[in-house]
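Okay, coords_9.cif now, which holds mmCIF, C-alpha atoms:
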```cif
data_model
loop_
_atom_site.label_atom_id
_atom_site.label_comp_id
_atom_site.auth_asym_id
_atom_site.auth_seq_id
_atom_site.Cartn_x
_atom_site.Cartn_y
_atom_site.Cartn_z
CA MET A 2 0.00 0.00 0.00
CA ASP A 3 1.60 3.29 -1.08
CA LYS A 4 1.80 6.37 1.09
CA ALA A 5 -1.14 8.15 -0.55
CA ARG A 6 -3.41 5.11 -0.13
CA ALA A 7 -2.40 4.73 3.50
CA SER A 8 -3.32 8.35 4.10
CA ILE A 9 -6.82 7.73 2.77
CA VAL A 10 -7.12 4.74 5.08
CA SER A 11 -6.05 6.92 8.00
CA VAL A 12 -8.66 9.54 7.13
CA ALA A 13 -11.39 6.90 6.86
CA ARG A 14 -10.39 5.38 10.20
CA GLU A 15 -10.25 8.77 11.92
CA ALA A 16 -13.67 9.78 10.56
CA GLY A 17 -15.22 6.34 11.17
CA VAL A 18 -16.36 5.97 7.55
CA SER A 19 -15.52 3.77 4.56
CA LEU A 20 -12.81 4.43 1.99
CA GLN A 21 -15.53 4.99 -0.63
CA THR A 22 -17.10 7.69 1.53
CA VAL A 23 -13.78 9.52 1.78
CA SER A 24 -13.38 9.23 -1.99
CA ASN A 25 -16.88 10.62 -2.52
CA VAL A 26 -16.20 13.56 -0.24
CA LEU A 27 -13.06 14.39 -2.23
CA ASN A 28 -14.50 13.82 -5.69
CA PHE A 29 -18.33 13.79 -5.51
CA PRO A 30 -19.33 15.75 -2.38
CA GLU A 31 -22.95 16.03 -3.57
CA ARG A 32 -23.35 12.31 -2.91
CA VAL A 33 -22.53 12.63 0.81
CA LYS A 34 -24.65 13.92 3.68
CA PRO A 35 -23.45 17.26 5.09
CA GLU A 36 -22.81 15.83 8.56
CA THR A 37 -20.70 13.00 7.08
CA THR A 38 -18.77 15.44 4.93
CA ALA A 39 -18.05 17.52 8.00
CA LYS A 40 -16.59 14.50 9.81
CA VAL A 41 -14.33 13.62 6.88
CA LEU A 42 -13.13 17.19 6.46
CA LYS A 43 -12.39 17.38 10.17
CA ALA A 44 -10.32 14.20 9.90
CA ILE A 45 -8.45 15.54 6.84
CA ASP A 46 -7.63 18.73 8.71
CA LYS A 47 -6.48 16.85 11.82
CA LEU A 48 -4.21 14.50 9.87
CA ASN A 49 -2.99 17.27 7.53
CA TYR A 50 -3.81 15.03 4.58
CA THR A 51 -3.45 16.43 1.07
CA PRO A 52 -5.38 14.47 -1.58
CA ASN A 53 -3.88 13.67 -4.95
CA LEU A 54 -5.74 15.15 -7.86
CA SER A 55 -5.76 12.27 -10.34
CA ALA A 56 -5.02 8.59 -10.69
CA ARG A 57 -2.51 9.40 -13.38
CA ARG A 58 -0.49 11.48 -11.00
CA LEU A 59 -0.64 8.73 -8.43
CA ARG A 60 0.77 6.22 -10.90
CA SER A 61 3.39 8.35 -12.58
CA ARG A 62 4.20 10.74 -9.75
CA LYS A 63 4.43 13.37 -12.51
CA SER A 64 2.12 16.21 -13.46
CA SER A 65 4.12 17.61 -16.41
CA THR A 66 3.48 21.01 -14.83
CA ILE A 67 5.76 23.77 -13.59
CA ALA A 68 4.61 26.60 -11.35
CA VAL A 69 5.56 30.26 -11.41
CA ARG A 70 4.42 33.09 -9.16
CA VAL A 71 2.80 36.19 -10.61
CA ASP A 72 2.73 39.49 -8.76
CA SER A 73 0.65 42.61 -8.99
CA ASN A 74 1.87 45.22 -11.44
CA ALA A 75 0.99 47.97 -9.00
CA PRO A 76 3.97 50.31 -8.50
CA THR A 77 5.88 49.85 -5.26
CA GLY A 78 7.60 53.22 -5.30
CA LYS A 79 11.05 51.66 -5.16
CA GLY A 80 13.41 49.68 -7.30
CA SER A 81 12.82 45.94 -7.51
CA ASP A 82 15.43 43.42 -6.43
CA GLY A 83 14.13 40.99 -9.02
CA LEU A 84 13.87 41.19 -12.76
CA TYR A 85 10.29 40.23 -12.56
CA SER A 86 7.79 43.06 -12.30
CA GLY A 87 5.41 44.90 -14.57
CA TYR A 88 6.15 44.53 -18.25
CA ILE A 89 8.96 41.99 -17.77
CA GLN A 90 6.69 39.78 -15.66
CA ASP A 91 4.02 39.71 -18.34
CA GLU A 92 6.51 39.04 -21.10
CA PHE A 93 8.27 36.28 -19.15
CA VAL A 94 5.06 34.40 -18.32
CA TYR A 95 3.87 34.70 -21.92
CA GLU A 96 7.16 33.40 -23.35
CA LEU A 97 7.35 30.63 -20.74
CA VAL A 98 3.84 29.41 -21.56
CA ARG A 99 4.54 29.60 -25.29
CA ALA A 100 7.77 27.61 -24.98
CA SER A 101 6.14 25.11 -22.59
CA GLU A 102 3.25 24.41 -24.97
CA MET A 103 5.77 23.39 -27.60
CA ARG A 104 7.28 20.93 -25.12
CA GLY A 105 3.99 19.49 -23.82
CA ILE A 106 4.42 21.13 -20.43
CA LYS A 107 1.75 23.04 -18.51
CA VAL A 108 2.43 26.23 -16.58
CA LEU A 109 0.51 26.84 -13.36
CA THR A 110 0.55 30.36 -11.94
CA TYR A 111 -0.01 31.28 -8.31
CA THR A 112 -0.06 34.48 -6.29
CA CYS A 113 1.29 35.35 -2.88
CA ASP A 114 0.30 38.50 -1.01
CA PRO A 115 2.75 40.07 1.46
CA THR A 116 0.62 38.74 4.33
CA GLU A 117 0.82 35.15 3.06
CA SER A 118 3.56 32.55 3.46
CA GLU A 119 4.95 31.47 0.11
CA ILE A 120 6.53 28.42 1.75
CA ASP A 121 3.03 27.25 2.71
CA LYS A 122 1.89 27.67 -0.89
CA LEU A 123 4.88 25.74 -2.20
CA THR A 124 4.17 22.99 0.31
CA LYS A 125 0.56 22.59 -0.80
CA LEU A 126 1.52 22.46 -4.47
CA ILE A 127 4.21 19.86 -3.79
CA ASP A 128 2.16 17.66 -1.45
CA SER A 129 -0.84 17.63 -3.77
CA ARG A 130 1.41 16.75 -6.70
CA ASP A 131 0.01 19.63 -8.71
CA VAL A 132 3.47 20.47 -10.04
CA ASP A 133 6.79 18.79 -10.75
CA GLY A 134 8.97 21.89 -10.46
CA PHE A 135 9.08 25.64 -9.93
CA VAL A 136 10.39 28.77 -11.57
CA LEU A 137 11.15 31.22 -8.77
CA THR A 138 11.34 34.97 -9.25
CA SER A 139 12.39 38.04 -7.26
CA THR A 140 15.00 36.17 -5.25
CA VAL A 141 16.46 38.01 -2.28
CA GLU A 142 19.42 37.57 0.02
CA GLU A 143 19.24 34.23 1.88
CA ASP A 144 15.92 33.43 0.19
CA PRO A 145 14.09 30.79 2.32
CA ARG A 146 12.36 29.30 -0.74
CA LEU A 147 15.67 28.14 -2.16
CA SER A 148 16.77 26.19 0.89
CA TYR A 149 13.24 24.79 1.34
CA LEU A 150 13.02 23.40 -2.18
CA LEU A 151 16.53 21.99 -1.96
CA LYS A 152 15.54 20.24 1.26
CA ARG A 153 12.42 18.80 -0.41
CA ASN A 154 14.48 17.76 -3.46
CA VAL A 155 12.00 19.48 -5.78
CA PRO A 156 13.43 20.73 -9.11
CA PHE A 157 13.44 24.48 -9.58
CA LEU A 158 15.22 27.27 -11.34
CA SER A 159 15.48 30.83 -10.13
CA PHE A 160 14.99 33.72 -12.54
CA GLY A 161 17.32 36.04 -10.70
CA ARG A 162 20.46 35.48 -8.66
CA PRO A 163 20.40 34.75 -4.92
CA TRP A 164 21.91 38.16 -4.23
CA GLY A 165 24.16 38.20 -1.18
CA SER A 166 24.34 34.44 -0.69
CA SER A 167 27.62 32.58 -0.32
CA PRO A 168 29.28 31.30 -3.51
CA GLU A 169 28.79 27.73 -2.26
CA PHE A 170 25.06 28.19 -1.91
CA ALA A 171 24.71 30.15 -5.16
CA ASN A 172 26.43 27.32 -7.02
CA SER A 173 24.31 24.57 -5.49
CA TYR A 174 21.26 24.98 -7.74
CA PRO A 175 20.36 26.32 -11.21
CA TRP A 176 19.55 29.96 -11.79
CA ILE A 177 19.37 32.24 -14.79
CA ASP A 178 19.79 35.99 -14.76
CA ILE A 179 20.27 39.03 -16.92
CA ASP A 180 23.72 40.64 -16.92
CA GLY A 181 22.68 44.14 -15.90
CA ALA A 182 26.25 45.35 -15.59
CA SER A 183 27.10 44.42 -19.16
CA GLY A 184 23.95 46.22 -20.29
CA THR A 185 24.78 49.54 -18.67
CA ARG A 186 28.38 49.19 -19.86
CA ASP A 187 27.08 48.83 -23.42
CA ALA A 188 24.85 51.87 -23.00
CA THR A 189 27.79 53.91 -21.68
CA ASN A 190 29.98 52.79 -24.57
CA MET A 191 27.25 53.74 -27.03
CA PHE A 192 27.04 57.30 -25.75
CA TRP A 193 30.85 57.62 -25.62
CA LYS A 194 31.19 56.51 -29.26
CA MET A 195 28.52 59.05 -30.20
CA GLY A 196 30.78 61.77 -28.79
CA HIS A 197 29.13 62.32 -25.39
CA ARG A 198 31.63 62.88 -22.57
CA LYS A 199 29.51 63.83 -19.54
CA ILE A 200 27.37 60.71 -19.02
CA GLY A 201 25.14 60.70 -15.94
CA PHE A 202 23.29 57.81 -14.31
CA LEU A 203 19.84 57.48 -12.72
CA GLY A 204 19.41 54.38 -10.54
CA TRP A 205 17.54 52.87 -7.63
CA LYS A 206 18.40 53.47 -4.00
CA THR A 207 20.82 50.88 -2.64
CA PRO A 208 22.88 50.57 0.58
CA ASN A 209 25.87 49.41 -1.48
CA PRO A 210 26.38 52.03 -4.21
CA SER A 211 30.18 51.76 -4.28
CA SER A 212 30.45 48.00 -3.88
CA THR A 213 32.30 46.01 -6.53
CA LYS A 214 30.35 42.93 -5.43
CA PRO A 215 26.70 43.70 -6.27
CA LYS A 216 24.02 42.46 -3.88
CA SER A 217 21.00 43.50 -5.94
CA VAL A 218 19.85 44.32 -9.45
CA ALA A 219 20.26 47.98 -8.53
CA ASP A 220 23.92 47.41 -7.59
CA ASP A 221 24.57 45.36 -10.71
CA ARG A 222 23.29 47.95 -13.18
CA LEU A 223 25.00 50.79 -11.33
CA LEU A 224 28.31 48.92 -11.33
CA GLY A 225 28.39 48.53 -15.12
CA TRP A 226 28.04 52.27 -15.70
CA SER A 227 30.40 53.39 -12.91
CA GLN A 228 33.23 51.03 -13.84
CA ARG A 229 33.08 51.69 -17.57
CA TYR A 230 32.67 55.44 -17.26
CA ALA A 231 35.56 55.55 -14.78
CA GLU A 232 37.74 53.73 -17.32
CA LEU A 233 36.75 56.07 -20.12
CA ARG A 234 37.30 59.22 -18.02
CA ASP A 235 40.31 57.83 -16.13
CA LEU A 236 38.61 58.68 -12.84
CA LYS A 237 37.82 56.83 -9.64
CA PRO A 238 34.34 55.27 -9.53
CA LYS A 239 33.60 56.80 -6.10
CA SER A 240 34.03 60.32 -7.42
CA LEU A 241 31.66 59.54 -10.29
CA LEU A 242 29.04 58.26 -7.85
CA ARG A 243 29.17 61.55 -5.97
CA GLU A 244 29.06 63.79 -9.03
CA TYR A 245 27.31 62.07 -11.90
CA CYS A 246 24.88 59.68 -10.21
CA GLU A 247 21.45 60.06 -8.61
CA LEU A 248 19.62 57.20 -6.88
CA GLY A 249 15.89 57.26 -6.17
CA ASP A 250 12.64 55.32 -6.49
CA GLU A 251 11.07 53.54 -9.46
CA THR A 252 8.70 56.39 -10.31
CA ILE A 253 8.56 59.07 -12.96
CA ALA A 254 8.36 61.76 -10.26
CA SER A 255 11.54 60.47 -8.61
CA ALA A 256 13.33 60.36 -11.97
CA ARG A 257 12.36 63.94 -12.75
CA ALA A 258 13.59 65.14 -9.37
CA SER A 259 16.84 63.18 -9.78
CA THR A 260 17.38 64.73 -13.22
CA VAL A 261 16.95 68.22 -11.77
CA ARG A 262 19.56 67.54 -9.08
CA LEU A 263 21.95 65.94 -11.54
CA LEU A 264 21.81 68.85 -13.97
CA ALA A 265 22.07 71.37 -11.16
CA ARG A 266 25.45 69.90 -10.25
CA HIS A 267 26.59 69.40 -13.83
CA PRO A 268 24.69 71.47 -16.40
CA ASP A 269 27.07 70.13 -19.07
CA ILE A 270 25.81 66.52 -18.76
CA ASP A 271 25.06 65.42 -22.33
CA ALA A 272 23.69 61.85 -21.91
CA ILE A 273 22.05 59.78 -19.15
CA VAL A 274 22.04 56.01 -18.60
CA CYS A 275 18.99 54.85 -16.60
CA VAL A 276 18.34 51.71 -14.58
CA SER A 277 14.86 51.29 -16.10
CA ASP A 278 12.56 52.59 -18.81
CA THR A 279 10.44 54.28 -16.13
CA LEU A 280 13.37 56.41 -15.00
CA ALA A 281 14.40 57.06 -18.59
CA LEU A 282 10.91 58.39 -19.35
CA GLY A 283 10.98 60.63 -16.28
CA ALA A 284 14.38 61.99 -17.28
CA GLN A 285 13.21 62.59 -20.84
CA MET A 286 10.13 64.45 -19.61
CA GLU A 287 12.25 66.76 -17.46
CA ILE A 288 14.77 67.33 -20.25
CA ALA A 289 11.95 68.27 -22.65
CA GLY A 290 11.66 71.64 -20.92
CA LEU A 291 15.30 72.50 -21.54
CA LYS A 292 16.75 74.26 -24.56
CA LYS A 293 19.12 71.41 -25.41
CA ALA A 294 18.65 67.73 -26.23
CA ILE A 295 20.11 65.13 -23.86
CA PRO A 296 19.66 61.50 -25.01
CA VAL A 297 18.72 58.87 -22.45
CA CYS A 298 18.94 55.08 -22.42
CA GLY A 299 16.57 52.89 -20.40
CA PHE A 300 16.48 49.22 -19.47
CA ASP A 301 13.81 46.62 -20.47
CA ASN A 302 12.94 47.73 -24.02
CA SER A 303 9.34 48.12 -22.91
CA PRO A 304 6.57 49.58 -25.08
CA THR A 305 7.25 52.88 -23.31
CA SER A 306 10.74 53.07 -24.80
CA LYS A 307 9.32 52.43 -28.26
CA VAL A 308 6.51 54.98 -27.99
CA PHE A 309 8.79 57.72 -26.62
CA ASN A 310 11.64 56.70 -28.91
CA PHE A 311 14.61 56.33 -26.55
CA SER A 312 17.28 53.64 -26.55
CA SER A 313 16.88 50.72 -24.18
CA LEU A 314 18.27 47.31 -23.22
CA ASP A 315 16.21 44.26 -24.18
CA GLN A 316 16.38 41.39 -21.67
CA ASN A 317 16.07 38.58 -24.25
CA ILE A 318 13.10 37.08 -22.40
CA SER A 319 12.34 34.60 -25.19
CA GLU A 320 15.83 33.13 -24.84
CA VAL A 321 15.54 33.12 -21.05
CA SER A 322 12.29 31.14 -21.24
CA SER A 323 13.75 28.54 -23.60
CA LEU A 324 16.84 28.11 -21.44
CA THR A 325 14.64 27.80 -18.34
CA LEU A 326 12.93 24.73 -19.83
CA LYS A 327 16.23 23.36 -21.06
CA VAL A 328 17.62 23.43 -17.52
CA LEU A 329 14.50 21.94 -15.92
CA ILE A 330 13.68 19.35 -18.59
CA GLY A 331 16.62 18.93 -20.93
CA GLU A 332 17.01 19.35 -24.66
CA GLU A 333 13.74 17.52 -25.38
CA GLY A 334 10.80 15.78 -23.70
CA ASN A 335 8.25 16.95 -21.15
CA SER A 336 9.45 15.41 -17.89
CA VAL A 337 10.96 17.64 -15.23
CA ARG A 338 14.23 16.16 -14.06
CA LYS A 339 15.17 15.56 -10.45
CA PHE A 340 18.28 17.30 -9.20
CA HIS A 341 21.51 15.48 -8.76
CA PRO A 342 23.23 16.16 -5.45
CA PRO A 343 24.37 19.81 -5.39
CA ASN A 344 28.03 18.96 -5.94
CA GLN A 345 27.08 17.19 -9.17
CA ILE A 346 25.16 20.08 -10.72
CA THR A 347 27.01 21.31 -13.79
CA GLU A 348 26.73 24.81 -15.21
CA PRO A 349 23.85 25.86 -12.93
CA ASN A 350 24.38 29.57 -13.46
CA LEU A 351 23.37 31.19 -16.73
CA ILE A 352 23.90 34.93 -17.21
CA ILE A 353 22.34 36.33 -20.37
CA PRO A 354 23.59 39.67 -21.72
CA PRO A 355 20.84 42.10 -22.76
CA ARG A 356 20.67 43.52 -26.29
CA LEU A 357 21.14 47.23 -26.75
CA ILE A 358 18.36 48.69 -28.91
CA VAL A 359 19.53 52.03 -30.27
CA ARG A 360 16.92 54.66 -31.15
#
```
Mind converting the file's structure to structure tokens?
Amino acid sequence: MDKARASIVSVAREAGVSLQTVSNVLNFPERVKPETTAKVLKAIDKLNYTPNLSARRLRSRKSSTIAVRVDSNAPTGKGSDGLYSGYIQDEFVYELVRASEMRGIKVLTYTCDPTESEIDKLTKLIDSRDVDGFVLTSTVEEDPRLSYLLKRNVPFLSFGRPWGSSPEFANSYPWIDIDGASGTRDATNMFWKMGHRKIGFLGWKTPNPSSTKPKSVADDRLLGWSQRYAELRDLKPKSLLREYCELGDETIASARASTVRLLARHPDIDAIVCVSDTLALGAQMEIAGLKKAIPVCGFDNSPTSKVFNFSSLDQNISEVSSLTLKVLIGEEGNSVRKFHPPNQITEPNLIIPPRLIVR
């Protein structure tokens, strides 16, 4: 008798009913009297039993389904530590579903409000065998989801690095990320080749602005600009951060205020690299009232950058989605693979450079 069957027996014994009655409660509740249903549900709650959803899943132990969390697109007023909000979230889920359909894989989405425990949601999805693996997003320093899924030996891939974690931990599971630093380096090089010499930067607030070891997306994108611009100007990065950089929130209002402060210090600034398309739009709106043109470059290549015609960095989300399935499933097939022990994982870390779209 397998574990799932034994659990049903335990529920029936606890409730003092037959196995068929428990099955009816789970699958055909209209066939059972309300008082009997109440007894069975009470037993299920007491034993913390999670029913399997289909006989096929019981036999194969596979659902051919991966789960990914979706978040509200409502603005937070600050820079995100993940690559997965707003436009990028929508594009990633779309491309992941499209690539999964071609592989015979289903994608299940779930939400998690700030007041909810995501670990509890992962547990329910795992125990009910709804999914075979997960794509995590918005990873943070010492993310508890990573260690939990490793402990449960459930396959997953993180879209986003485990910022701030030890190298040993970061190399113990697969993740894929966008190389923000290479993107802002490319944007800085573009402006330099166009003849611009005073290149400012608008970014997100971060406690580590001068760190050479980034602990967030904000740090990563800032680092690319500061290092490359320092090389081009033969200056120290710290002096550039004081003079040519403004850090604020992920809002148009914040970007406009940052642009005012930046130009007040250096009216001769002739180009601005931005951490996002939102900040690039805010900078462009503020610059529109000036008598001179100052080009800006954003990050994400969102519809906003196309409508307002400024350069931006495309995150190659289609490629990211295809590589995500390749890591979880392999070159072909529709079966999510179990992890090998961490020390046997090969090439778990994939960093994809963004494409600079010049406008």
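Taking atom CA of Arg14 of chain A and atom CA of Leu27 of chain A as endpoints, the distance between them is 15.6 Å.
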Mind checking which residues fall within 12 Å of Pro168 of chain A, counting all atoms listed in the file, ignoring those fewer than 5 positions away in the same chain, and posting them as a list in words?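 With the cut-off at 12 Å, the set is Glu143, Arg162, Pro163, Ser173, Tyr174, Lys214 and Asn350 of chain A.
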Applying the PyMOL selection byres ((chain A and resi 325) around 9) to the file I just gave you, which residues come out? Please list them as a ChimeraX atom specification. /A:97,136,158-160,176-177,320-324,326-330
Find the residues near Ala284 of chain A: any atom within 9 Å, counting only C-alpha atoms, skip ones fewer than 6 places away on the same chain, and give them as a VMD selection string. chain A and resid 203 253 256 to 261 273 275 297
Do you know which residues lie at most 6 Å from (21.8, 52.9, -9.3), with coordinates as in the file and all atoms listed in the file counted, and could you write them as a count of residues only? 5
Spatial neighbours of Gly105 of chain A, max dist 12 Å, only C-alpha atoms, sep filter under 5 positions, as a PyMOL selection string: chain A and resi 64-67+98-100+326+330+333-337
Any chance you could export the current selection's C-alpha atoms as a short mmCIF file (atom, residue, chain, number, x, y, z; two decimals), in the frame of the given file?
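Output (out_28.cif):
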```cif
data_model
loop_
_atom_site.label_atom_id
_atom_site.label_comp_id
_atom_site.auth_asym_id
_atom_site.auth_seq_id
_atom_site.Cartn_x
_atom_site.Cartn_y
_atom_site.Cartn_z
CA SER A 64 2.12 16.21 -13.46
CA SER A 65 4.12 17.61 -16.41
CA THR A 66 3.48 21.01 -14.83
CA ILE A 67 5.76 23.77 -13.59
CA VAL A 98 3.84 29.41 -21.56
CA ARG A 99 4.54 29.60 -25.29
CA ALA A 100 7.77 27.61 -24.98
CA LEU A 326 12.93 24.73 -19.83
CA ILE A 330 13.68 19.35 -18.59
CA GLU A 333 13.74 17.52 -25.38
CA GLY A 334 10.80 15.78 -23.70
CA ASN A 335 8.25 16.95 -21.15
CA SER A 336 9.45 15.41 -17.89
CA VAL A 337 10.96 17.64 -15.23
#
```
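Each of A:Leu314, A:Ile127, A:Ile270, A:Ala294 was checked against Pro355 of chain A using only C-alpha atoms; the smallest atom-to-atom distance is that of A:Leu314.
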Surrounding residues of Thr140 of chain A excluding itself and chain neighbours under 5 positions, 12 Å, only C-alpha atoms, as a ChimeraX atom specification: /A:70,81-85,145-148,158-166,171,176-178,216-218
Taking C-alpha atoms for each residue, export the selection above as a PDB file, keeping the file's coordinate frame.
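Saved the output as part34.pdb:
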```
ATOM      1  CA  ARG A  70       4.420  33.090  -9.160  1.00  0.00           C
ATOM      2  CA  SER A  81      12.820  45.940  -7.510  1.00  0.00           C
ATOM      3  CA  ASP A  82      15.430  43.420  -6.430  1.00  0.00           C
ATOM      4  CA  GLY A  83      14.130  40.990  -9.020  1.00  0.00           C
ATOM      5  CA  LEU A  84      13.870  41.190 -12.760  1.00  0.00           C
ATOM      6  CA  TYR A  85      10.290  40.230 -12.560  1.00  0.00           C
ATOM      7  CA  PRO A 145      14.090  30.790   2.320  1.00  0.00           C
ATOM      8  CA  ARG A 146      12.360  29.300  -0.740  1.00  0.00           C
ATOM      9  CA  LEU A 147      15.670  28.140  -2.160  1.00  0.00           C
ATOM     10  CA  SER A 148      16.770  26.190   0.890  1.00  0.00           C
ATOM     11  CA  LEU A 158      15.220  27.270 -11.340  1.00  0.00           C
ATOM     12  CA  SER A 159      15.480  30.830 -10.130  1.00  0.00           C
ATOM     13  CA  PHE A 160      14.990  33.720 -12.540  1.00  0.00           C
ATOM     14  CA  GLY A 161      17.320  36.040 -10.700  1.00  0.00           C
ATOM     15  CA  ARG A 162      20.460  35.480  -8.660  1.00  0.00           C
ATOM     16  CA  PRO A 163      20.400  34.750  -4.920  1.00  0.00           C
ATOM     17  CA  TRP A 164      21.910  38.160  -4.230  1.00  0.00           C
ATOM     18  CA  GLY A 165      24.160  38.200  -1.180  1.00  0.00           C
ATOM     19  CA  SER A 166      24.340  34.440  -0.690  1.00  0.00           C
ATOM     20  CA  ALA A 171      24.710  30.150  -5.160  1.00  0.00           C
ATOM     21  CA  TRP A 176      19.550  29.960 -11.790  1.00  0.00           C
ATOM     22  CA  ILE A 177      19.370  32.240 -14.790  1.00  0.00           C
ATOM     23  CA  ASP A 178      19.790  35.990 -14.760  1.00  0.00           C
ATOM     24  CA  LYS A 216      24.020  42.460  -3.880  1.00  0.00           C
ATOM     25  CA  SER A 217      21.000  43.500  -5.940  1.00  0.00           C
ATOM     26  CA  VAL A 218      19.850  44.320  -9.450  1.00  0.00           C
TER      27      VAL A 218
END
```
Atom pair atom CA of Asp301 of chain A / atom CA of Ile179 of chain A: separation (Å):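 Separating atom CA of Asp301 of chain A from atom CA of Ile179 of chain A is a distance of 10.6 Å.
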In Å, rounded to a single decimal, give me how far atom CA of Arg356 of chain A is from atom CA of Ser183 of chain A.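 Interatomic distance, atom CA of Ser183 of chain A to atom CA of Arg356 of chain A: 9.6 Å.
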Given all atoms listed in the file as the basis, pick out the residue of A:Ser118, A:Asn154, A:Ser139, A:Thr189 nearest to Ser313 of chain A. A:Thr189
Exactly which residues make up the result of the PyMOL selection byres ((chain A and resi 266) around 12) on this file, given as an NGL selection string? :A and (199 or 201 or 243-247 or 259-265 or 267-270)
Please give the centre and size of the box around segment 301-311 of chain A (axis-aligned, containing every atom listed in the file, 4 Å added per side), with values in Å to one decimal and written as lines of an AutoDock Vina configuration file.
```
center_x = 10.6
center_y = 52.2
center_z = -24.7
size_x = 16.1
size_y = 19.1
size_z = 16.4
```
If the PyMOL selection byres ((chain A and resi 359) around 6) were run on this exact file, what residues would it hold? Put them as a list in words.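 Applying the expression gives Ser312, Ile358 and Arg360 of chain A.
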For Leu357 of chain A, which residue out of A:Ile295, A:Met191, A:Leu151, A:Ile288 is the nearest one, using all atoms listed in the file?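 Closest to Leu357 of chain A of all the choices is A:Met191.
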Can you work out which one of A:Ser73, A:Asn310, A:Thr213, A:Ser101 has the shortest atom-to-atom distance to Ala281 of chain A, counting all atoms listed in the file? A:Asn310
